[in-house]
Amino acid sequence: MSTLGIITNPTSASGRGARWGVEARAELAKGGHRLLDLSRGSWAASYEAAMKARRDIDALVVVGGDGMAHLGLQVCAERRLPLGIIAAGSGDDIAASLGLPRHDIPAAVRLIEEGLAGRTTRVDVGKVDGRGVEEPARPRYFGAVLSAGIDAAVASYARQITFPRGPLKYQAATFHEIPRYRPYGVRIKADGREWTQTCTLVAVANATVFGGGLPISPGSSIVDGHLELALAEAMSRTDIIRLFMRLQKGTHVDDPRVRIVPVRQVEITPDPSGAPLPPAFADGELIGATPVSVKVVPHALTVLGAAVAAPA
Ligand SMILES: [Mg+2]
């Protein structure tokens, strides 16, 4: 029997989250575990409750979408505390990257049980720091992808709209943001190399996907000890639409204006040569204003029941 902290998000997947939370609790209780409910009224309050309780629990289980997985990461990364994820969101990029089932509570709980019995995987996380990183979690960890260009503006708008859901939400947000786009100016310092450019897309990938399954960095691995910096040069609005279309299949990487560079550490700073960068997002959550410094923390997170392929 284990003592499990559990956090559920009643608003994930547009209301179905509440029902999934109840189901998850019931499934976990069947295993005879002691459940400590750490859900509070907000992301920040649940985070604070989990941080206080983390020495009293054997694992933390989060139920919901990427926002909940992102919360779990803040509590468990760079600590011995394992994380269980019951994916019940509209995107679930982190769970998908960990080979965890989506919207299947009994299957997810079975994997958590296996994890508690010893089947765990240690995966890399990204760690973001900077004065603009939003409290209460600073520095901030992320599991999937950090965005700081038009991809961040899209993520920001996607978070505000409730319809459509899933991948269509990201598409709707893209069409909303493109008319507002002007090329951003950015100074990049990546593993000691430094340059300035104008750009559309700036992302740092730990996993392959963002925005509900869009393969921004198809070659990324969550266990290879490095991140990928994905950059797209400044381009016309029509070309951005084409680029986003290709992003659905991951074929944007064949465009010569797109560069994907392996990095261990990268600094992203706004530069006056173009429009100001929008606030950065990661795992669908607001991270804060640039400049930010991002680095990989290899094998920093223990995940219950995850199945991740070894890097190619
Ligand atoms: Mg990697």
# chains A, B, ... in the order shown; residues from 1 in each chain; ligands from 1
>>> select_by_dssp(residues="stretch 20-243 of chain A", states="strand (DSSP E or B)", output="PyMOL selection string")
chain A and resi 34-37+59-64+83-87+102+120-129+133+140-142+145-147+184-190+193-205+210+214+227-233
>>> write_last_selection(atoms="C-alpha atoms", output="mmCIF file, in the first residue's frame")
data_model
loop_
_atom_site.group_PDB
_atom_site.id
_atom_site.type_symbol
_atom_site.label_atom_id
_atom_site.label_comp_id
_atom_site.auth_asym_id
_atom_site.auth_seq_id
_atom_site.Cartn_x
_atom_site.Cartn_y
_atom_site.Cartn_z
ATOM 1 C CA ARG A 34 -4.184 5.880 0.846
ATOM 2 C CA LEU A 35 -5.129 8.905 -1.246
ATOM 3 C CA LEU A 36 -4.252 12.415 -0.179
ATOM 4 C CA ASP A 37 -6.315 14.881 -2.216
ATOM 5 C CA ALA A 59 4.113 9.264 -5.474
ATOM 6 C CA LEU A 60 2.097 12.107 -6.957
ATOM 7 C CA VAL A 61 -0.720 11.277 -9.381
ATOM 8 C CA VAL A 62 -2.185 13.980 -11.599
ATOM 9 C CA VAL A 63 -5.425 13.587 -13.529
ATOM 10 C CA GLY A 64 -6.025 15.920 -16.469
ATOM 11 C CA LEU A 83 4.945 11.016 -10.998
ATOM 12 C CA GLY A 84 1.871 9.152 -12.223
ATOM 13 C CA ILE A 85 -0.134 10.714 -15.053
ATOM 14 C CA ILE A 86 -3.737 9.862 -15.815
ATOM 15 C CA ALA A 87 -4.180 11.656 -19.114
ATOM 16 C CA ARG A 102 -5.219 8.799 -23.034
ATOM 17 C CA THR A 120 9.462 3.321 -13.825
ATOM 18 C CA THR A 121 11.271 5.336 -16.484
ATOM 19 C CA ARG A 122 13.526 8.314 -15.891
ATOM 20 C CA VAL A 123 13.085 11.004 -18.516
ATOM 21 C CA ASP A 124 14.669 14.369 -19.312
ATOM 22 C CA VAL A 125 12.956 17.651 -18.571
ATOM 23 C CA GLY A 126 13.572 21.198 -19.752
ATOM 24 C CA LYS A 127 14.271 23.824 -17.074
ATOM 25 C CA VAL A 128 13.463 27.486 -17.757
ATOM 26 C CA ASP A 129 14.719 30.411 -15.774
ATOM 27 C CA VAL A 133 9.144 33.383 -15.439
ATOM 28 C CA ARG A 140 10.027 26.132 -14.249
ATOM 29 C CA TYR A 141 10.270 22.626 -15.652
ATOM 30 C CA PHE A 142 8.571 21.491 -18.851
ATOM 31 C CA VAL A 145 7.952 21.922 -25.803
ATOM 32 C CA LEU A 146 8.651 25.540 -24.901
ATOM 33 C CA SER A 147 7.415 28.079 -27.471
ATOM 34 C CA TYR A 184 10.119 38.818 -34.334
ATOM 35 C CA GLY A 185 13.647 39.898 -33.513
ATOM 36 C CA VAL A 186 15.561 37.388 -31.442
ATOM 37 C CA ARG A 187 19.053 36.871 -30.096
ATOM 38 C CA ILE A 188 19.925 33.228 -29.558
ATOM 39 C CA LYS A 189 22.769 31.844 -27.516
ATOM 40 C CA ALA A 190 22.895 28.081 -27.953
ATOM 41 C CA ARG A 193 27.210 30.043 -30.113
ATOM 42 C CA GLU A 194 25.429 33.378 -30.395
ATOM 43 C CA TRP A 195 23.514 35.016 -33.238
ATOM 44 C CA THR A 196 20.683 37.454 -33.987
ATOM 45 C CA GLN A 197 17.903 36.905 -36.517
ATOM 46 C CA THR A 198 14.281 37.597 -37.350
ATOM 47 C CA CYS A 199 11.943 34.660 -37.052
ATOM 48 C CA THR A 200 8.419 33.304 -36.946
ATOM 49 C CA LEU A 201 8.734 30.190 -34.843
ATOM 50 C CA VAL A 202 11.050 29.701 -31.871
ATOM 51 C CA ALA A 203 10.668 26.516 -29.870
ATOM 52 C CA VAL A 204 12.757 24.359 -27.572
ATOM 53 C CA ALA A 205 11.700 20.727 -27.706
ATOM 54 C CA PHE A 210 3.106 20.380 -28.979
ATOM 55 C CA LEU A 214 1.790 18.609 -33.745
ATOM 56 C CA LEU A 227 16.849 19.360 -26.314
ATOM 57 C CA GLU A 228 16.222 20.624 -29.851
ATOM 58 C CA LEU A 229 16.005 24.295 -30.747
ATOM 59 C CA ALA A 230 13.508 24.724 -33.612
ATOM 60 C CA LEU A 231 13.663 28.030 -35.480
ATOM 61 C CA ALA A 232 11.819 29.232 -38.563
ATOM 62 C CA GLU A 233 13.042 32.348 -40.350
#
>>> residues_near_ligand(ligand="ligand 1", cutoff="6 Å", atoms="only C-alpha atoms and all ligand atoms", output="PyMOL selection string")
chain A and resi 206+220-227
>>> write_last_selection(atoms="N, CA, C and O atoms", output="mmCIF file, in the first residue's frame")
data_model
loop_
_atom_site.group_PDB
_atom_site.id
_atom_site.type_symbol
_atom_site.label_atom_id
_atom_site.label_comp_id
_atom_site.auth_asym_id
_atom_site.auth_seq_id
_atom_site.Cartn_x
_atom_site.Cartn_y
_atom_site.Cartn_z
ATOM 1 N N ASN A 206 11.706 19.195 -25.859
ATOM 2 C CA ASN A 206 12.180 18.033 -25.087
ATOM 3 C C ASN A 206 11.524 16.790 -25.689
ATOM 4 O O ASN A 206 12.173 15.798 -25.968
ATOM 5 N N SER A 220 13.105 14.489 -31.887
ATOM 6 C CA SER A 220 13.455 14.632 -30.467
ATOM 7 C C SER A 220 13.210 13.343 -29.698
ATOM 8 O O SER A 220 12.319 12.559 -30.032
ATOM 9 N N SER A 221 13.985 13.151 -28.663
ATOM 10 C CA SER A 221 13.802 12.019 -27.743
ATOM 11 C C SER A 221 13.809 12.570 -26.327
ATOM 12 O O SER A 221 14.635 13.435 -25.993
ATOM 13 N N ILE A 222 12.925 12.045 -25.489
ATOM 14 C CA ILE A 222 12.777 12.531 -24.118
ATOM 15 C C ILE A 222 13.767 11.843 -23.174
ATOM 16 O O ILE A 222 13.792 12.093 -21.986
ATOM 17 N N VAL A 223 14.616 10.975 -23.742
ATOM 18 C CA VAL A 223 15.595 10.264 -22.903
ATOM 19 C C VAL A 223 17.034 10.384 -23.429
ATOM 20 O O VAL A 223 17.914 9.653 -22.983
ATOM 21 N N ASP A 224 17.298 11.311 -24.377
ATOM 22 C CA ASP A 224 18.644 11.350 -24.970
ATOM 23 C C ASP A 224 19.557 12.410 -24.360
ATOM 24 O O ASP A 224 20.687 12.605 -24.813
ATOM 25 N N GLY A 225 19.060 13.121 -23.333
ATOM 26 C CA GLY A 225 19.936 14.044 -22.613
ATOM 27 C C GLY A 225 20.160 15.387 -23.288
ATOM 28 O O GLY A 225 21.009 16.160 -22.857
ATOM 29 N N HIS A 226 19.412 15.655 -24.379
ATOM 30 C CA HIS A 226 19.487 17.014 -24.930
ATOM 31 C C HIS A 226 18.144 17.471 -25.469
ATOM 32 O O HIS A 226 17.204 16.679 -25.594
ATOM 33 N N LEU A 227 18.073 18.758 -25.774
ATOM 34 C CA LEU A 227 16.849 19.360 -26.314
ATOM 35 C C LEU A 227 17.085 19.674 -27.782
ATOM 36 O O LEU A 227 18.204 19.529 -28.277
#
>>> atom_distance(atom1="atom CA of A:Gly118", atom2="atom CA of A:Ala24")
20.5 Å
>>> atom_distance(atom1="atom CA of A:Ala88", atom2="atom CA of A:Ala207")
18.8 Å
>>> residues_around(residues="stretch 168-171 of chain A", least_positions_apart="3", cutoff="7 Å", atoms="only C-alpha atoms", output="list in words")
Val154, Ala158, Phe163, Pro164, Arg165, Thr174, Phe175 and Gly211 of chain A
>>> closest_residue(among="A:Leu304, A:His299, A:Val253, A:Pro136", to="A:Ser46", atoms="only C-alpha atoms")
A:Pro136
>>> atom_distance(atom1="atom CA of A:Thr302", atom2="atom CA of A:Phe281")
23.2 Å
>>> closest_residue(among="A:Ala44, A:Val263, A:Ala50, A:Ile216", to="A:Leu4", atoms="only C-alpha atoms")
A:Ala50
>>> residues_around(residues="A:Glu285", least_positions_apart="5", cutoff="10 Å", atoms="only C-alpha atoms", output="MDAnalysis selection string")
chainID A and resid 66:68 70:71 142 146 152 155:156 159 280
